[in-house]
>>> print(open('work-v9.pdb').read())   # PDB, C-alpha atoms
ATOM      1  CA  MET P1005      -5.865   8.917  26.065
ATOM      2  CA  ILE P1006      -4.172  10.456  23.014
ATOM      3  CA  ASP P1007      -5.432   9.305  19.595
ATOM      4  CA  HIS P1008      -2.409   9.214  17.296
ATOM      5  CA  ARG P1009      -4.519   8.709  14.166
ATOM      6  CA  CYS P1010      -3.765  12.073  12.606
ATOM      7  CA  ALA P1011      -1.421  13.260   9.886
ATOM      8  CA  VAL P1012       2.116  13.999  11.068
ATOM      9  CA  ALA P1013       4.563  16.274   9.245
ATOM     10  CA  VAL P1014       7.516  14.410   7.780
ATOM     11  CA  ASP P1015      10.059  16.442   9.766
ATOM     12  CA  HIS P1016       8.456  15.628  13.151
ATOM     13  CA  ASP P1017      10.513  12.497  13.755
ATOM     14  CA  GLU P1018       9.391  11.914  17.340
ATOM     15  CA  ALA P1019       5.686  12.287  16.493
ATOM     16  CA  VAL P1020       6.071   9.924  13.531
ATOM     17  CA  ALA P1021       7.704   7.293  15.737
ATOM     18  CA  GLN P1022       5.096   7.750  18.499
ATOM     19  CA  SER P1023       2.178   7.321  16.088
ATOM     20  CA  PHE P1024       3.709   4.193  14.594
ATOM     21  CA  ALA P1025       4.377   2.737  18.041
ATOM     22  CA  ALA P1026       0.842   3.531  19.223
ATOM     23  CA  GLY P1027      -1.088   1.721  16.508
ATOM     24  CA  GLY P1028       1.273   0.187  13.974
ATOM     25  CA  ALA P1029       0.631   2.884  11.371
ATOM     26  CA  VAL P1030       1.384   6.556  10.720
ATOM     27  CA  HIS P1031       0.074   8.988   8.088
ATOM     28  CA  ILE P1032       2.933  11.290   7.073
ATOM     29  CA  ARG P1033       2.284  14.641   5.376
ATOM     30  CA  GLY P1034       4.770  15.969   2.827
ATOM     31  CA  ALA P1035       6.755  12.747   2.775
ATOM     32  CA  LEU P1036       7.763  12.974  -0.886
ATOM     33  CA  ASP P1037       8.273  15.585  -3.595
ATOM     34  CA  PRO P1038       5.052  16.003  -5.660
ATOM     35  CA  ALA P1039       7.180  16.342  -8.811
ATOM     36  CA  LEU P1040       8.623  12.879  -8.180
ATOM     37  CA  ILE P1041       5.100  11.536  -7.576
ATOM     38  CA  ALA P1042       3.966  12.980 -10.937
ATOM     39  CA  ASP P1043       6.892  11.317 -12.712
ATOM     40  CA  VAL P1044       6.141   7.933 -11.111
ATOM     41  CA  HIS P1045       2.490   8.290 -12.142
ATOM     42  CA  ALA P1046       3.414   9.101 -15.740
ATOM     43  CA  ALA P1047       5.907   6.226 -15.958
ATOM     44  CA  ALA P1048       3.391   3.690 -14.610
ATOM     45  CA  ASP P1049       0.671   5.020 -16.924
ATOM     46  CA  ALA P1050       2.989   4.493 -19.886
ATOM     47  CA  VAL P1051       3.686   0.884 -18.889
ATOM     48  CA  PHE P1052      -0.020   0.085 -18.436
ATOM     49  CA  ARG P1053      -0.799   1.587 -21.860
ATOM     50  CA  HIS P1054       2.017  -0.361 -23.498
ATOM     51  CA  TRP P1055       0.962  -3.643 -21.914
ATOM     52  CA  SER P1056      -2.665  -3.049 -22.904
ATOM     53  CA  GLU P1057      -1.638  -2.396 -26.515
ATOM     54  CA  LEU P1058       0.417  -5.595 -26.572
ATOM     55  CA  ALA P1059      -2.444  -7.579 -25.012
ATOM     56  CA  ALA P1060      -4.869  -6.284 -27.657
ATOM     57  CA  THR P1061      -2.645  -7.704 -30.395
ATOM     58  CA  GLY P1062      -1.819 -10.942 -28.576
ATOM     59  CA  LEU P1063       1.823  -9.963 -28.129
ATOM     60  CA  LEU P1064       1.945  -9.397 -24.343
ATOM     61  CA  PRO P1065       4.692 -11.582 -22.810
ATOM     62  CA  ALA P1066       3.305 -14.184 -20.408
ATOM     63  CA  GLU P1067       5.259 -12.698 -17.481
ATOM     64  CA  PHE P1068       3.179  -9.505 -17.699
ATOM     65  CA  GLU P1069      -0.257 -11.121 -17.985
ATOM     66  CA  ALA P1070      -0.827 -11.381 -14.223
ATOM     67  CA  PRO P1071       0.472  -7.845 -13.477
ATOM     68  CA  LEU P1072      -1.838  -6.386 -16.134
ATOM     69  CA  LYS P1073      -4.818  -8.382 -14.875
ATOM     70  CA  ARG P1074      -4.147  -7.409 -11.261
ATOM     71  CA  ARG P1075      -3.225  -3.845 -12.249
ATOM     72  CA  TYR P1076       0.290  -3.530 -10.846
ATOM     73  CA  VAL P1077       3.700  -2.631 -12.284
ATOM     74  CA  PRO P1078       6.809  -3.957 -10.498
ATOM     75  CA  LEU P1079       9.231  -1.148  -9.696
ATOM     76  CA  ALA P1080      11.836  -3.124 -11.648
ATOM     77  CA  GLN P1081       9.895  -2.073 -14.773
ATOM     78  CA  LEU P1082      10.357   1.598 -13.802
ATOM     79  CA  PRO P1083      14.121   1.773 -13.162
ATOM     80  CA  ASP P1084      14.580   5.547 -13.496
ATOM     81  CA  VAL P1085      11.816   6.613 -11.120
ATOM     82  CA  ALA P1086      12.485   3.622  -8.857
ATOM     83  CA  GLU P1087      16.039   4.845  -8.342
ATOM     84  CA  ARG P1088      14.765   8.320  -7.444
ATOM     85  CA  LEU P1089      12.185   6.835  -5.075
ATOM     86  CA  ASN P1090      14.861   4.758  -3.393
ATOM     87  CA  ALA P1091      16.963   7.878  -2.860
ATOM     88  CA  SER P1092      14.036   9.531  -1.032
ATOM     89  CA  LEU P1093      13.422   6.719   1.451
ATOM     90  CA  GLN P1094      15.940   7.570   4.177
ATOM     91  CA  PRO P1095      13.336   8.839   6.702
ATOM     92  CA  PHE P1096      11.430   5.581   6.228
ATOM     93  CA  ARG P1097      14.597   3.531   6.615
ATOM     94  CA  ASP P1098      15.286   5.349   9.887
ATOM     95  CA  LEU P1099      11.821   4.347  11.137
ATOM     96  CA  ALA P1100      12.246   0.767   9.913
ATOM     97  CA  LEU P1101      15.675   0.146  11.449
ATOM     98  CA  PRO P1102      14.598  -0.296  15.105
ATOM     99  CA  TYR P1103      11.440  -2.157  14.068
ATOM    100  CA  LEU P1104      13.262  -4.631  11.813
ATOM    101  CA  GLY P1105      16.385  -4.818  13.965
ATOM    102  CA  LYS P1106      18.616  -4.638  10.893
ATOM    103  CA  GLU P1107      19.467  -2.430   7.940
ATOM    104  CA  PRO P1108      16.313  -2.339   5.775
ATOM    105  CA  GLU P1109      16.250  -3.665   2.218
ATOM    106  CA  ILE P1110      13.571  -3.099  -0.435
ATOM    107  CA  GLU P1111      11.578  -6.268  -1.060
ATOM    108  CA  PRO P1112      11.815  -7.216  -4.778
ATOM    109  CA  ASN P1113       8.034  -7.359  -5.331
ATOM    110  CA  SER P1114       7.439  -3.702  -4.457
ATOM    111  CA  HIS P1115       5.282  -2.093  -7.155
ATOM    112  CA  VAL P1116       2.865   0.567  -8.394
ATOM    113  CA  ARG P1117      -0.788  -0.487  -8.144
ATOM    114  CA  SER P1118      -3.729   0.928 -10.105
ATOM    115  CA  ILE P1119      -7.163   0.788  -8.494
ATOM    116  CA  VAL P1120      -9.920   1.201 -11.083
ATOM    117  CA  LEU P1121     -13.402   1.667  -9.651
ATOM    118  CA  GLU P1122     -15.155  -0.674 -12.067
ATOM    119  CA  ARG P1123     -12.570  -3.394 -11.469
ATOM    120  CA  ALA P1124     -13.912  -4.645  -8.141
ATOM    121  CA  ASP P1125     -11.978  -7.889  -8.641
ATOM    122  CA  ALA P1126      -8.746  -5.908  -8.165
ATOM    123  CA  HIS P1127      -9.817  -4.154  -4.947
ATOM    124  CA  LEU P1128      -7.734  -5.725  -2.194
ATOM    125  CA  PRO P1129      -9.512  -7.417   0.753
ATOM    126  CA  PHE P1130      -8.448  -7.199   4.397
ATOM    127  CA  HIS P1131      -5.084  -8.954   4.725
ATOM    128  CA  GLN P1132      -1.695  -8.854   6.499
ATOM    129  CA  ASP P1133       1.385  -8.661   4.276
ATOM    130  CA  GLN P1134       3.507 -10.495   6.835
ATOM    131  CA  THR P1135       1.380 -13.596   6.216
ATOM    132  CA  ILE P1136       2.187 -13.396   2.490
ATOM    133  CA  LEU P1137       5.927 -12.773   2.818
ATOM    134  CA  GLY P1138       6.534 -14.839   5.943
ATOM    135  CA  CYS P1139       8.848 -12.252   7.483
ATOM    136  CA  ARG P1140       8.783  -9.013   9.463
ATOM    137  CA  LEU P1141       8.461  -5.954   7.214
ATOM    138  CA  LEU P1142       7.502  -2.292   7.065
ATOM    139  CA  ASN P1143       5.093  -1.066   4.390
ATOM    140  CA  ILE P1144       5.454   2.322   2.712
ATOM    141  CA  TRP P1145       2.199   3.172   0.902
ATOM    142  CA  ILE P1146       2.417   6.249  -1.340
ATOM    143  CA  PRO P1147      -0.686   7.519  -3.179
ATOM    144  CA  LEU P1148       0.005   8.975  -6.622
ATOM    145  CA  ASP P1149      -3.396  10.731  -6.673
ATOM    146  CA  PRO P1150      -5.448  12.486  -3.992
ATOM    147  CA  CYS P1151      -7.555   9.735  -2.474
ATOM    148  CA  GLY P1152      -9.756   8.654   0.397
ATOM    149  CA  ARG P1153     -12.731  10.831  -0.602
ATOM    150  CA  ASP P1154     -13.405  10.828  -4.372
ATOM    151  CA  ALA P1155     -10.900   8.078  -5.200
ATOM    152  CA  PRO P1156     -10.219   4.784  -3.394
ATOM    153  CA  GLY P1157      -7.866   5.128  -0.465
ATOM    154  CA  LEU P1158      -6.402   2.841   2.167
ATOM    155  CA  GLU P1159      -8.092   1.433   5.255
ATOM    156  CA  VAL P1160      -5.886   0.204   8.102
ATOM    157  CA  VAL P1161      -6.993  -1.408  11.351
ATOM    158  CA  TRP P1162      -5.465   0.437  14.297
ATOM    159  CA  GLU P1163      -3.495  -1.715  16.784
ATOM    160  CA  SER P1164      -3.973  -4.881  14.721
ATOM    161  CA  TRP P1165      -0.231  -5.404  14.236
ATOM    162  CA  ARG P1166       0.425  -7.454  17.360
ATOM    163  CA  GLU P1167      -0.978 -10.742  16.040
ATOM    164  CA  LEU P1168      -1.526 -12.653  12.815
ATOM    165  CA  LEU P1169      -5.086 -13.769  12.183
ATOM    166  CA  GLN P1170      -6.128 -16.974  10.444
ATOM    167  CA  PRO P1171      -6.976 -16.277   6.770
ATOM    168  CA  ALA P1172     -10.411 -17.089   5.354
ATOM    169  CA  PRO P1173      -9.771 -17.389   1.593
ATOM    170  CA  ALA P1174     -12.463 -17.922  -1.000
ATOM    171  CA  GLU P1175     -12.564 -21.391  -2.542
ATOM    172  CA  ASP P1176     -11.407 -20.069  -5.930
ATOM    173  CA  ALA P1177      -8.569 -17.874  -4.537
ATOM    174  CA  ARG P1178      -5.871 -17.570  -7.224
ATOM    175  CA  PHE P1179      -3.579 -14.767  -6.092
ATOM    176  CA  PRO P1180      -1.512 -14.502  -2.871
ATOM    177  CA  VAL P1181      -3.544 -11.644  -1.385
ATOM    178  CA  GLU P1182      -6.768 -13.620  -1.970
ATOM    179  CA  ARG P1183      -5.317 -16.687  -0.288
ATOM    180  CA  VAL P1184      -4.592 -14.684   2.891
ATOM    181  CA  ARG P1185      -7.892 -12.773   2.840
ATOM    182  CA  LEU P1186      -9.338 -12.023   6.277
ATOM    183  CA  ASP P1187     -13.060 -12.161   6.946
ATOM    184  CA  PRO P1188     -14.324  -8.554   7.463
ATOM    185  CA  ALA P1189     -16.799  -9.576  10.167
ATOM    186  CA  THR P1190     -14.009 -11.308  12.084
ATOM    187  CA  VAL P1191     -11.754  -8.247  11.809
ATOM    188  CA  VAL P1192     -14.431  -5.791  12.943
ATOM    189  CA  GLY P1193     -15.626  -8.166  15.649
ATOM    190  CA  ARG P1194     -12.114  -8.441  17.072
ATOM    191  CA  TYR P1195     -10.991  -4.804  16.879
ATOM    192  CA  GLY P1196     -14.228  -2.816  16.557
ATOM    193  CA  GLU P1197     -15.467  -0.476  13.841
ATOM    194  CA  ASP P1198     -13.713   2.445  15.552
ATOM    195  CA  ALA P1199     -10.333   0.820  14.833
ATOM    196  CA  CYS P1200     -10.855   1.155  11.068
ATOM    197  CA  TRP P1201      -8.866   4.211   9.929
ATOM    198  CA  ARG P1202      -9.561   5.690   6.480
ATOM    199  CA  PRO P1203      -7.466   8.846   6.013
ATOM    200  CA  GLU P1204      -7.742  11.313   3.144
ATOM    201  CA  PHE P1205      -4.410  11.622   1.344
ATOM    202  CA  ARG P1206      -2.817  14.438  -0.621
ATOM    203  CA  VAL P1207      -0.155  13.991  -3.268
ATOM    204  CA  GLY P1208       3.161  13.770  -1.423
ATOM    205  CA  ASP P1209       1.695  11.973   1.614
ATOM    206  CA  ALA P1210       2.548   8.435   2.679
ATOM    207  CA  MET P1211       1.197   5.851   5.079
ATOM    208  CA  VAL P1212       3.758   3.701   6.863
ATOM    209  CA  PHE P1213       2.522   0.593   8.643
ATOM    210  CA  ALA P1214       3.776  -2.684  10.044
ATOM    211  CA  GLY P1215       3.689  -5.841   7.964
ATOM    212  CA  ALA P1216       1.160  -7.355  10.378
ATOM    213  CA  THR P1217      -1.182  -4.337  10.305
ATOM    214  CA  ILE P1218      -4.482  -5.378   8.742
ATOM    215  CA  HIS P1219      -5.411  -3.257   5.724
ATOM    216  CA  ARG P1220      -7.447  -3.206   2.510
ATOM    217  CA  THR P1221      -8.534  -0.963  -0.348
ATOM    218  CA  TYR P1222     -10.962   1.659   0.940
ATOM    219  CA  VAL P1223     -13.700   2.211  -1.642
ATOM    220  CA  THR P1224     -17.273   3.483  -1.345
ATOM    221  CA  PRO P1225     -20.179   3.629  -3.819
ATOM    222  CA  HIS P1226     -20.031   7.433  -4.114
ATOM    223  CA  MET P1227     -16.394   7.555  -5.292
ATOM    224  CA  THR P1228     -15.898   8.814  -8.856
ATOM    225  CA  ALA P1229     -12.137   8.681  -9.560
ATOM    226  CA  ASN P1230      -9.446   6.032  -9.907
ATOM    227  CA  ARG P1231      -6.075   6.123  -8.180
ATOM    228  CA  MET P1232      -2.594   4.713  -8.328
ATOM    229  CA  SER P1233      -0.233   4.112  -5.429
ATOM    230  CA  VAL P1234       3.267   2.842  -4.754
ATOM    231  CA  GLU P1235       3.627  -0.120  -2.415
ATOM    232  CA  ILE P1236       7.172  -0.477  -1.083
ATOM    233  CA  ARG P1237       8.084  -3.083   1.497
ATOM    234  CA  LEU P1238      11.210  -2.795   3.635
ATOM    235  CA  ILE P1239      12.439  -6.143   4.942
TER
END
>>> encode(input="work-v9.pdb", output="structure tokens")
Amino acid sequence: MIDHRCAVAVDHDEAVAQSFAAGGAVHIRGALDPALIADVHAAADAVFRHWSELAATGLLPAEFEAPLKRRYVPLAQLPDVAERLNASLQPFRDLALPYLGKEPEIEPNSHVRSIVLERADAHLPFHQDQTILGCRLLNIWIPLDPCGRDAPGLEVVWESWRELLQPAPAEDARFPVERVRLDPATVVGRYGEDACWRPEFRVGDAMVFAGATIHRTYVTPHMTANRMSVEIRLI
């Protein structure tokens, strides 16, 4: 049996499609220009700094309070780099087209997320995005920093995309991802520890996975760096 959980070069279209079909996820090497990634990182950094300065003086608009608390910047707040990102998505659109059965569109809530080690409250639990959005979708996850070893990465559960599990939210769940939280013991009990895939990513890589693929922030006690990533959803 072939294990498709390995990085695939962006120009190997057949291998990319085979890996996605095998487990509902594919790690793509060299998917995006590192110079573009650096520009997205800088633009998001600037927005976070600006929001933090406004919050310190009590002038942060209410609409940005939740994004700052949850450490994400909607791509709509980064129009220049968002336009360049959109122009680079054709290989992902080609993968999404047969899966979605229609011409893909970018979901409006796509964003840049910042994972800060000491902010455990912003580390995402196991969840399925399709439960949040209520529709079929394809996720494009793009790290803006090297991650998966020294910085938090992404953990996906191989072959978990064929069903939606019943969420087990905490009683005080406030945000959508917390309300669709999946119990880790239930996930591992159903799919096995071996199904948990935690790749190491380089700048320019991407992970593409189905909207029903179970995933969460991958973080360990020995990690020492923070990371940012772009989360784009094609619907």
>>> closest_residue(input="work-v9.pdb", among="P:Asp1133, P:Glu1175, P:Asp1187, P:Asp1149", to="Phe1213 in chain P", atoms="all atoms listed in the file")
P:Asp1133
>>> closest_atom_pairs(input="work-v9.pdb", of="range 1139-1185 of chain P", to="range 1199-1206 of chain P", cutoff="6 Å", atoms="only C-alpha atoms", output="JSON lines")
{"residue": "P:Pro1150", "atom": "CA", "partner": "P:Arg1206", "partner_atom": "CA", "distance": 4.7}
{"residue": "P:Cys1151", "atom": "CA", "partner": "P:Phe1205", "partner_atom": "CA", "distance": 5.3}
{"residue": "P:Gly1152", "atom": "CA", "partner": "P:Glu1204", "partner_atom": "CA", "distance": 4.3}
{"residue": "P:Glu1159", "atom": "CA", "partner": "P:Arg1202", "partner_atom": "CA", "distance": 4.7}
{"residue": "P:Val1160", "atom": "CA", "partner": "P:Trp1201", "partner_atom": "CA", "distance": 5.3}
{"residue": "P:Val1161", "atom": "CA", "partner": "P:Cys1200", "partner_atom": "CA", "distance": 4.6}
{"residue": "P:Trp1162", "atom": "CA", "partner": "P:Ala1199", "partner_atom": "CA", "distance": 4.9}
>>> resolve_selection(input="work-v9.pdb", expression="the PyMOL selection byres ((chain P and resi 1164) around 8)", output="list in words")
Gly1027, Gly1028, Val1161, Trp1162, Glu1163, Trp1165, Arg1166, Glu1167, Tyr1195, Ala1216, Thr1217 and Ile1218 of chain P
>>> write_last_selection(input="work-v9.pdb", atoms="C-alpha atoms", output="tab-separated table (two decimals), in the frame of the given file")
chain	number	residue	atom	x	y	z
P	1027	GLY	CA	-1.09	1.72	16.51
P	1028	GLY	CA	1.27	0.19	13.97
P	1161	VAL	CA	-6.99	-1.41	11.35
P	1162	TRP	CA	-5.46	0.44	14.30
P	1163	GLU	CA	-3.50	-1.72	16.78
P	1165	TRP	CA	-0.23	-5.40	14.24
P	1166	ARG	CA	0.42	-7.45	17.36
P	1167	GLU	CA	-0.98	-10.74	16.04
P	1195	TYR	CA	-10.99	-4.80	16.88
P	1216	ALA	CA	1.16	-7.36	10.38
P	1217	THR	CA	-1.18	-4.34	10.30
P	1218	ILE	CA	-4.48	-5.38	8.74
>>> residues_around(input="work-v9.pdb", residues="range 1087-1095 of chain P", least_positions_apart="6", cutoff="9 Å", atoms="all atoms listed in the file", output="list of chain:residue names")
P:Val1014, P:Asp1015, P:Asp1017, P:Ala1035, P:Leu1036, P:Asp1037, P:Leu1040, P:Ile1041, P:Val1044, P:Ile1110
>>> closest_residue(input="work-v9.pdb", among="P:Leu1238, P:Ile1119, P:Val1191, P:Ala1048", to="Leu1141 in chain P", atoms="all atoms listed in the file")
P:Leu1238
>>> resolve_selection(input="work-v9.pdb", expression="the PyMOL selection byres ((chain P and resi 1055) around 12)", output="PyMOL selection string")
chain P and resi 1048-1054+1056-1073+1075-1077+1081
>>> write_last_selection(input="work-v9.pdb", atoms="C-alpha atoms", output="PDB file, in the coordinates of the input")
ATOM      1  CA  ALA P1048       3.391   3.690 -14.610  1.00  0.00           C
ATOM      2  CA  ASP P1049       0.671   5.020 -16.924  1.00  0.00           C
ATOM      3  CA  ALA P1050       2.989   4.493 -19.886  1.00  0.00           C
ATOM      4  CA  VAL P1051       3.686   0.884 -18.889  1.00  0.00           C
ATOM      5  CA  PHE P1052      -0.020   0.085 -18.436  1.00  0.00           C
ATOM      6  CA  ARG P1053      -0.799   1.587 -21.860  1.00  0.00           C
ATOM      7  CA  HIS P1054       2.017  -0.361 -23.498  1.00  0.00           C
ATOM      8  CA  SER P1056      -2.665  -3.049 -22.904  1.00  0.00           C
ATOM      9  CA  GLU P1057      -1.638  -2.396 -26.515  1.00  0.00           C
ATOM     10  CA  LEU P1058       0.417  -5.595 -26.572  1.00  0.00           C
ATOM     11  CA  ALA P1059      -2.444  -7.579 -25.012  1.00  0.00           C
ATOM     12  CA  ALA P1060      -4.869  -6.284 -27.657  1.00  0.00           C
ATOM     13  CA  THR P1061      -2.645  -7.704 -30.395  1.00  0.00           C
ATOM     14  CA  GLY P1062      -1.819 -10.942 -28.576  1.00  0.00           C
ATOM     15  CA  LEU P1063       1.823  -9.963 -28.129  1.00  0.00           C
ATOM     16  CA  LEU P1064       1.945  -9.397 -24.343  1.00  0.00           C
ATOM     17  CA  PRO P1065       4.692 -11.582 -22.810  1.00  0.00           C
ATOM     18  CA  ALA P1066       3.305 -14.184 -20.408  1.00  0.00           C
ATOM     19  CA  GLU P1067       5.259 -12.698 -17.481  1.00  0.00           C
ATOM     20  CA  PHE P1068       3.179  -9.505 -17.699  1.00  0.00           C
ATOM     21  CA  GLU P1069      -0.257 -11.121 -17.985  1.00  0.00           C
ATOM     22  CA  ALA P1070      -0.827 -11.381 -14.223  1.00  0.00           C
ATOM     23  CA  PRO P1071       0.472  -7.845 -13.477  1.00  0.00           C
ATOM     24  CA  LEU P1072      -1.838  -6.386 -16.134  1.00  0.00           C
ATOM     25  CA  LYS P1073      -4.818  -8.382 -14.875  1.00  0.00           C
ATOM     26  CA  ARG P1075      -3.225  -3.845 -12.249  1.00  0.00           C
ATOM     27  CA  TYR P1076       0.290  -3.530 -10.846  1.00  0.00           C
ATOM     28  CA  VAL P1077       3.700  -2.631 -12.284  1.00  0.00           C
ATOM     29  CA  GLN P1081       9.895  -2.073 -14.773  1.00  0.00           C
TER      30      GLN P1081
END
>>> closest_residue(input="work-v9.pdb", among="P:Thr1224, P:Ser1023, P:Ser1118, P:Gln1170", to="Met1211 in chain P", atoms="all atoms listed in the file")
P:Ser1023
>>> residues_around(input="work-v9.pdb", residues="His1008 in chain P", least_positions_apart="6", cutoff="9 Å", atoms="only C-alpha atoms", output="PyMOL selection string")
chain P and resi 1019+1022-1024+1026-1027+1030
>>> resolve_selection(input="work-v9.pdb", expression="the PyMOL selection byres ((chain P and resi 1012) around 6)", output="number ranges by chain")
P: 1011, 1013, 1032-1033
>>> write_last_selection(input="work-v9.pdb", atoms="C-alpha atoms", output="PDB file, in the frame of the given file")
ATOM      1  CA  ALA P1011      -1.421  13.260   9.886  1.00  0.00           C
ATOM      2  CA  ALA P1013       4.563  16.274   9.245  1.00  0.00           C
ATOM      3  CA  ILE P1032       2.933  11.290   7.073  1.00  0.00           C
ATOM      4  CA  ARG P1033       2.284  14.641   5.376  1.00  0.00           C
TER       5      ARG P1033
END
>>> atom_distance(input="work-v9.pdb", atom1="CA of Ser1233 in chain P", atom2="CA of Asp1043 in chain P")
12.5 Å
>>> closest_residue(input="work-v9.pdb", among="P:Pro1083, P:Pro1078, P:Gly1215, P:Gly1193", to="Leu1142 in chain P", atoms="all atoms listed in the file")
P:Gly1215
>>> atom_distance(input="work-v9.pdb", atom1="CA of Leu1099 in chain P", atom2="CA of Gly1157 in chain P")
22.9 Å
>>> residues_around(input="work-v9.pdb", residues="Pro1129 in chain P", least_positions_apart="2", cutoff="8 Å", atoms="all atoms listed in the file", output="PyMOL selection string")
chain P and resi 1127+1131+1181-1182+1185-1186+1219-1221
>>> residues_around(input="work-v9.pdb", residues="Ala1210 in chain P", least_positions_apart="5", cutoff="6 Å", atoms="all atoms listed in the file", output="list in words")
His1031, Ile1032, Trp1145 and Ile1146 of chain P
>>> write_last_selection(input="work-v9.pdb", atoms="C-alpha atoms", output="PDB file, in the frame of the given file")
ATOM      1  CA  HIS P1031       0.074   8.988   8.088  1.00  0.00           C
ATOM      2  CA  ILE P1032       2.933  11.290   7.073  1.00  0.00           C
ATOM      3  CA  TRP P1145       2.199   3.172   0.902  1.00  0.00           C
ATOM      4  CA  ILE P1146       2.417   6.249  -1.340  1.00  0.00           C
TER       5      ILE P1146
END
>>> closest_residue(input="work-v9.pdb", among="P:Ala1214, P:Arg1140, P:Val1207, P:Gly1034", to="Lys1106 in chain P", atoms="only C-alpha atoms")
P:Arg1140
>>> atom_distance(input="work-v9.pdb", atom1="CA of Ile1144 in chain P", atom2="CA of Glu1111 in chain P")
11.2 Å
>>> closest_residue(input="work-v9.pdb", among="P:Ile1239, P:Pro1225, P:Asp1198, P:Val1120", to="Asp1007 in chain P", atoms="all atoms listed in the file")
P:Asp1198
>>> axis_aligned_box(input="work-v9.pdb", around="range 1221-1231 of chain P", padding_each_side="5 Å", output="lines of an AutoDock Vina configuration file")
center_x = -13.1
center_y = 3.9
center_z = -4.5
size_x = 24.1
size_y = 19.8
size_z = 20.8
